[in-house]
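Colleague: Dropping a structure here in structure tokens format, bear with me for questions.
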Amino acid sequence: MGGESTTRTAPRSGGGTSSGPVGSRTGQRLSGLAVALGLVLFLGGFAWGALLYRPYTVPTSSMSPTIAAGDRVLAERIDGGEVRRGDVVVFIDKTWVSNAPVVKRVVAVGGDTVACCTDGKLTVNGKQIEEPYLPPGTLAEIKNFPTVTVPDGRLFLLGDERQGSLDSTAHLTDAAQGTVARTAVKARVEAVVWPMNGMLKRPTGFQDLGALSEPGPLGTIGWLIVAGAALVLGGGAYGPIAKRTGRRRTRPESAGAR
């Protein structure tokens with residue numbers, strides 16, 4: 001009888017295609033742990049951010065170029081007592097705008113004396129303030145305003161676009177001389193997230209007058225979310241990668257004629 005050729009392949013359990021987990025048992029466990037940890041980090045980061053931060057859309061260009069009209073910002077919820085010079089804050093004051101939040105920069109706090117201008121610069125407590133966030137080539141204020149002593153518990157605020165900003169200088173004739181109560185502050189702007197301009201620069205021109213605000217945990221929250229997403233994607237990809245690798249290793253094996 002003539003010789004016959006046979007082909008041997010890897011045995012199949014139960015006569016059908018295996019539907020069990022692909023890859024080594026250790027790999028499967030590590031993959032599951034990565035997905036679980038990733039979900040904790042990803043969802044935890046979002047939850048933490050939702051507790052501490054609020055999104056706002058800035059409708060005008062009064063804070064340009066730091067924040068342009070239509071930009072979406074994230075602001076950390078803070079108590080008015082935490083406000084420091086140089087902070088960009090969100091506040092509500094019905095004598096300024098009815099039932100709408102306003103975004104301005106704090107340039108003086110209770111007890112400070114603020115005036116403008118000296119050699120084109122804002123002065124606080126007699127010190128000229130460097131303001132690199134102002135539009136290039138512009139003065140600290142388009143007009144001089146009288147010296148104002150800020151009452152305790154209140155704030156004096158200006159827009160970075162001084163020419164068109166309806167800020168404290170537009171309310172100097174009010175009973176509070178343009179100042180706003182600390183209790184009116186709802187949050188401190190920390191970053192512009194749309195477009196993705198990132199974190200606001202620290203207002204170092206005010207640091208000789210006192211401590212500046214410390215950055216919030218927004219950067220840490222962002223890293224938690226990114227790390228969590230990477231772990232979920234990496235862990236979830238283990239199965240398909242192991243399956244494809246296994247297929248490449250399993251090849252038909254030919255036996256000789258007999």
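Identifiers in this document derive from the order of the structure tokens: chains are assigned A, B, ..., residues are numbered from 1 separately in each chain, and ligands are numbered from 1 in order of occurrence.
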Which residues come within 12 Å of Val193 in chain A, counting only C-alpha atoms, excluding same-chain residues fewer than 4 positions away, as a PyMOL selection string?
Modeller: chain A and resi 54-58+67-68+70-75+189+197-200+218+222
Colleague: If you count only C-alpha atoms, which residues fall within 10 Å of Asp160 in chain A, apart from same-chain ones fewer than 3 positions away, as a list in words?
Modeller: Ser61, Ser62, Met63, Ser64, Pro65, Thr66, Ile67, Val88, Lys104, Arg105, Glu131, Pro132, Tyr133, Leu134, Pro135, Ala140, Glu141, Leu157, Gln163, Gly164, Ser165 and Asp167 of chain A
Colleague: Leaving out Glu130 in chain A and any residue of its chain fewer than 3 positions from it, which residues lie within 10 Å of it when counting only C-alpha atoms, given as a ChimeraX atom specification?
Modeller: /A:121-123,127,133-134,140,203-206
Colleague: Would you put the residues from that selection into a file with all heavy atoms, as a CSV table (one decimal), in the first residue's frame?
Modeller:
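Listing of selection_12.csv after writing:
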chain,number,residue,atom,x,y,z
A,121,LYS,N,3.1,102.2,35.8
A,121,LYS,CA,2.9,100.9,36.6
A,121,LYS,C,1.9,101.1,37.7
A,121,LYS,O,1.8,102.2,38.3
A,121,LYS,CB,4.2,100.4,37.1
A,121,LYS,CG,5.2,99.9,36.0
A,121,LYS,CD,6.4,99.4,36.6
A,121,LYS,CE,7.4,98.9,35.5
A,121,LYS,NZ,8.6,98.4,36.0
A,122,LEU,N,1.2,100.1,38.0
A,122,LEU,CA,0.3,100.0,39.2
A,122,LEU,C,1.2,100.0,40.5
A,122,LEU,O,2.3,99.4,40.5
A,122,LEU,CB,-0.5,98.7,39.2
A,122,LEU,CG,-1.5,98.5,40.3
A,122,LEU,CD1,-2.8,99.4,40.0
A,122,LEU,CD2,-2.0,97.1,40.3
A,123,THR,N,0.7,100.7,41.5
A,123,THR,CA,1.5,100.7,42.8
A,123,THR,C,0.6,100.2,43.9
A,123,THR,O,-0.6,100.6,43.9
A,123,THR,CB,2.0,102.1,43.2
A,123,THR,OG1,0.9,103.0,43.3
A,123,THR,CG2,2.9,102.7,42.1
A,127,LYS,N,4.7,100.3,46.2
A,127,LYS,CA,5.6,99.5,45.4
A,127,LYS,C,5.0,99.3,44.0
A,127,LYS,O,3.9,99.0,43.8
A,127,LYS,CB,5.7,98.1,46.1
A,127,LYS,CG,6.6,97.1,45.2
A,127,LYS,CD,6.7,95.8,45.8
A,127,LYS,CE,7.4,94.8,44.9
A,127,LYS,NZ,8.7,95.3,44.4
A,133,TYR,N,1.5,89.8,32.7
A,133,TYR,CA,0.3,89.2,32.0
A,133,TYR,C,-0.4,90.3,31.3
A,133,TYR,O,-1.4,90.0,30.6
A,133,TYR,CB,-0.6,88.6,33.1
A,133,TYR,CG,-0.7,89.4,34.4
A,133,TYR,CD1,-1.5,90.5,34.4
A,133,TYR,CD2,0.0,89.0,35.5
A,133,TYR,CE1,-1.6,91.3,35.6
A,133,TYR,CE2,-0.1,89.8,36.7
A,133,TYR,CZ,-0.9,90.9,36.7
A,133,TYR,OH,-1.0,91.7,37.9
A,134,LEU,N,-0.1,91.6,31.4
A,134,LEU,CA,-0.8,92.6,30.6
A,134,LEU,C,-0.5,92.5,29.1
A,134,LEU,O,0.6,92.0,28.8
A,134,LEU,CB,-0.4,94.0,31.1
A,134,LEU,CG,-0.8,94.3,32.6
A,134,LEU,CD1,-0.4,95.8,32.9
A,134,LEU,CD2,-2.3,94.2,32.8
A,140,ALA,N,-0.4,100.1,32.8
A,140,ALA,CA,-1.2,99.4,33.9
A,140,ALA,C,-2.6,99.9,33.9
A,140,ALA,O,-3.5,99.2,34.4
A,140,ALA,CB,-0.5,99.5,35.2
A,203,PRO,N,1.6,85.0,39.8
A,203,PRO,CA,1.8,86.5,39.7
A,203,PRO,C,2.9,87.0,40.6
A,203,PRO,O,2.8,87.6,41.6
A,203,PRO,CB,0.4,87.0,40.2
A,203,PRO,CG,0.0,85.9,41.2
A,203,PRO,CD,0.5,84.6,40.6
A,204,THR,N,4.2,86.7,40.1
A,204,THR,CA,5.3,87.0,41.0
A,204,THR,C,5.6,88.4,41.3
A,204,THR,O,6.3,88.7,42.2
A,204,THR,CB,6.6,86.4,40.3
A,204,THR,OG1,6.7,86.9,39.0
A,204,THR,CG2,6.5,84.9,40.2
A,205,GLY,N,4.9,89.3,40.6
A,205,GLY,CA,5.1,90.8,40.9
A,205,GLY,C,4.6,91.2,42.2
A,205,GLY,O,4.9,92.2,42.7
A,206,PHE,N,3.7,90.3,42.8
A,206,PHE,CA,3.1,90.7,44.1
A,206,PHE,C,3.9,90.0,45.3
A,206,PHE,O,3.5,90.2,46.4
A,206,PHE,CB,1.7,90.2,44.1
A,206,PHE,CG,0.8,91.0,43.2
A,206,PHE,CD1,0.6,90.6,41.9
A,206,PHE,CD2,0.2,92.2,43.6
A,206,PHE,CE1,-0.2,91.3,41.1
A,206,PHE,CE2,-0.6,92.9,42.8
A,206,PHE,CZ,-0.8,92.5,41.5
Colleague: Which parts of range 21-230 of chain A does DSSP call helix (DSSP H, G or I) when run on the backbone here, written out as an MDAnalysis selection string?
Modeller: chainID A and resid 25:52 80:82 168:171 182:184 204:209 218:230
Colleague: Between CA of Ala50 in chain A and CA of Val107 in chain A, what is the distance, to one decimal in Å?
Modeller: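 The value is 28.4 Å.
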Colleague: Give the answer as one residue: which of A:Pro146, A:Gly159, A:Gly234, A:Gly110 has the shortest atom-to-atom distance to Arg182 in chain A, using only C-alpha atoms?
Modeller: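 Using only C-alpha atoms, Arg182 in chain A sits closest to A:Gly110.
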Colleague: Compile the contact shell of range 37-41 of chain A as JSON, numbers by chain: residues with an atom at most 12 Å away, counting only C-alpha atoms, same-chain residues fewer than 5 positions apart removed.
Modeller: {"A": [30, 31, 32, 46, 47, 48, 49, 220, 221, 222, 223, 224, 225, 226, 227, 228, 229, 230, 231, 232, 233, 234, 235, 236]}
Colleague: List the spatial neighbours of Thr183 in chain A as a ChimeraX atom specification - criterion: any atom at most 8 Å away, only C-alpha atoms, same-chain residues fewer than 6 positions off excluded.
Modeller: /A:79-81
Colleague: Between A:Gly210, A:Lys186, A:His171, A:Ile241, which one has atoms that come closest to Thr95 in chain A, using only C-alpha atoms?
Modeller: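 Looking only at the distances to Thr95 in chain A, the closest residue turns out to be A:His171.
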Colleague: Could you pull the residues within 12 Å of Val148 in chain A, counting only C-alpha atoms, minus those fewer than 6 positions along the same chain, as a ChimeraX atom specification?
Modeller: /A:107-116,123-126,154-157,168-169,171-173,176-179
Colleague: Take the residues from that selection and put them in a file with C-alpha atoms, as a PDB file, in the first residue's frame.
Modeller:
ATOM      1  CA  VAL A 107      -4.469  93.510  42.956  1.00  0.00           C
ATOM      2  CA  ALA A 108      -4.999  94.661  46.550  1.00  0.00           C
ATOM      3  CA  VAL A 109      -6.496  93.260  49.755  1.00  0.00           C
ATOM      4  CA  GLY A 110      -7.815  94.782  52.964  1.00  0.00           C
ATOM      5  CA  GLY A 111      -5.458  97.388  54.405  1.00  0.00           C
ATOM      6  CA  ASP A 112      -3.573  97.941  51.114  1.00  0.00           C
ATOM      7  CA  THR A 113      -3.274 101.310  49.406  1.00  0.00           C
ATOM      8  CA  VAL A 114      -3.551 101.037  45.619  1.00  0.00           C
ATOM      9  CA  ALA A 115      -2.965 103.743  43.006  1.00  0.00           C
ATOM     10  CA  CYS A 116      -2.071 104.188  39.358  1.00  0.00           C
ATOM     11  CA  THR A 123       1.472 100.731  42.774  1.00  0.00           C
ATOM     12  CA  VAL A 124       0.369  98.835  45.873  1.00  0.00           C
ATOM     13  CA  ASN A 125       1.570 100.126  49.239  1.00  0.00           C
ATOM     14  CA  GLY A 126       3.956 102.375  47.324  1.00  0.00           C
ATOM     15  CA  ARG A 154     -12.573  93.589  50.914  1.00  0.00           C
ATOM     16  CA  LEU A 155     -10.660  93.314  47.626  1.00  0.00           C
ATOM     17  CA  PHE A 156      -9.681  95.641  44.782  1.00  0.00           C
ATOM     18  CA  LEU A 157      -9.835  93.941  41.385  1.00  0.00           C
ATOM     19  CA  SER A 168     -12.989  98.312  40.346  1.00  0.00           C
ATOM     20  CA  THR A 169     -11.988 101.509  38.543  1.00  0.00           C
ATOM     21  CA  HIS A 171     -17.060 101.541  40.460  1.00  0.00           C
ATOM     22  CA  LEU A 172     -14.917 104.088  42.321  1.00  0.00           C
ATOM     23  CA  THR A 173     -17.952 106.271  42.991  1.00  0.00           C
ATOM     24  CA  ALA A 176     -17.373 100.717  48.662  1.00  0.00           C
ATOM     25  CA  GLN A 177     -15.038 102.639  46.274  1.00  0.00           C
ATOM     26  CA  GLY A 178     -15.011  99.779  43.801  1.00  0.00           C
ATOM     27  CA  THR A 179     -14.024  97.116  46.315  1.00  0.00           C
TER      28      THR A 179
END
Colleague: In range 23-214 of chain A, what's strand (DSSP E or B) per DSSP? Answer as JSON, numbers by chain?
Modeller: {"A": [53, 54, 55, 56, 57, 72, 73, 74, 75, 76, 77, 88, 89, 90, 91, 102, 103, 104, 105, 106, 107, 108, 109, 113, 114, 115, 116, 117, 118, 121, 122, 123, 124, 127, 128, 145, 146, 147, 148, 149, 154, 155, 156, 157, 158, 180, 181, 185, 186, 187, 188, 189, 190, 191, 192, 193, 194, 198, 199]}
Colleague: Keeping C-alpha atoms for every residue in the selection just given, could you write it to a file as a compact mmCIF listing (two decimals), in the first residue's frame?
Modeller:
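So the final result, stored in result05.txt, reads:
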# COMPACT_ATOMS: atom_id res chain seq x y z
CA TYR A 53 -13.22 72.51 40.84
CA ARG A 54 -15.94 74.21 38.83
CA PRO A 55 -15.88 75.03 35.11
CA TYR A 56 -16.71 78.54 33.93
CA THR A 57 -16.95 80.14 30.52
CA ARG A 72 -13.37 77.60 29.37
CA VAL A 73 -11.56 77.70 32.73
CA LEU A 74 -11.35 75.50 35.81
CA ALA A 75 -11.59 77.32 39.12
CA GLU A 76 -10.87 75.83 42.53
CA ARG A 77 -13.61 76.31 45.12
CA VAL A 88 -7.67 85.52 39.33
CA VAL A 89 -10.99 84.92 41.07
CA VAL A 90 -14.62 84.27 40.28
CA PHE A 91 -17.03 86.32 42.37
CA VAL A 102 -17.40 87.91 37.23
CA VAL A 103 -13.73 87.01 36.62
CA LYS A 104 -11.07 89.57 37.62
CA ARG A 105 -7.57 89.73 39.11
CA VAL A 106 -7.09 90.74 42.76
CA VAL A 107 -4.47 93.51 42.96
CA ALA A 108 -5.00 94.66 46.55
CA VAL A 109 -6.50 93.26 49.75
CA THR A 113 -3.27 101.31 49.41
CA VAL A 114 -3.55 101.04 45.62
CA ALA A 115 -2.97 103.74 43.01
CA CYS A 116 -2.07 104.19 39.36
CA CYS A 117 0.06 105.09 37.70
CA THR A 118 3.72 105.62 38.57
CA LYS A 121 2.87 100.92 36.56
CA LEU A 122 0.34 100.01 39.22
CA THR A 123 1.47 100.73 42.77
CA VAL A 124 0.37 98.83 45.87
CA LYS A 127 5.57 99.48 45.43
CA GLN A 128 5.51 99.40 41.63
CA PHE A 145 -7.37 106.85 39.40
CA PRO A 146 -7.19 108.28 42.90
CA THR A 147 -5.42 106.46 45.69
CA VAL A 148 -7.75 103.93 47.32
CA THR A 149 -7.27 102.34 50.72
CA ARG A 154 -12.57 93.59 50.91
CA LEU A 155 -10.66 93.31 47.63
CA PHE A 156 -9.68 95.64 44.78
CA LEU A 157 -9.84 93.94 41.39
CA LEU A 158 -8.75 94.77 37.84
CA VAL A 180 -15.66 93.70 46.64
CA ALA A 181 -16.22 91.67 49.81
CA VAL A 185 -15.48 85.13 46.00
CA LYS A 186 -16.60 81.67 44.91
CA ALA A 187 -13.48 80.21 43.31
CA ARG A 188 -9.92 80.87 42.12
CA VAL A 189 -9.10 80.26 38.45
CA GLU A 190 -6.26 77.80 38.06
CA ALA A 191 -6.20 76.80 34.39
CA VAL A 192 -7.61 77.48 30.95
CA VAL A 193 -8.78 74.09 29.69
CA TRP A 194 -10.40 75.10 26.39
CA GLY A 198 -2.81 75.13 30.69
CA MET A 199 -2.13 76.51 34.16
Colleague: So the first atom is CA of Asn144 in chain A and the second is CA of Ala100 in chain A; what is the distance between them in Å, to one decimal place?
Modeller: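 If I compute the distance from CA of Asn144 in chain A to CA of Ala100 in chain A, I get 28.4 Å.
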Colleague: What is the CA of Trp96 in chain A-CA of Gly120 in chain A distance in Å, reported with one decimal?
Modeller: 26.6 Å
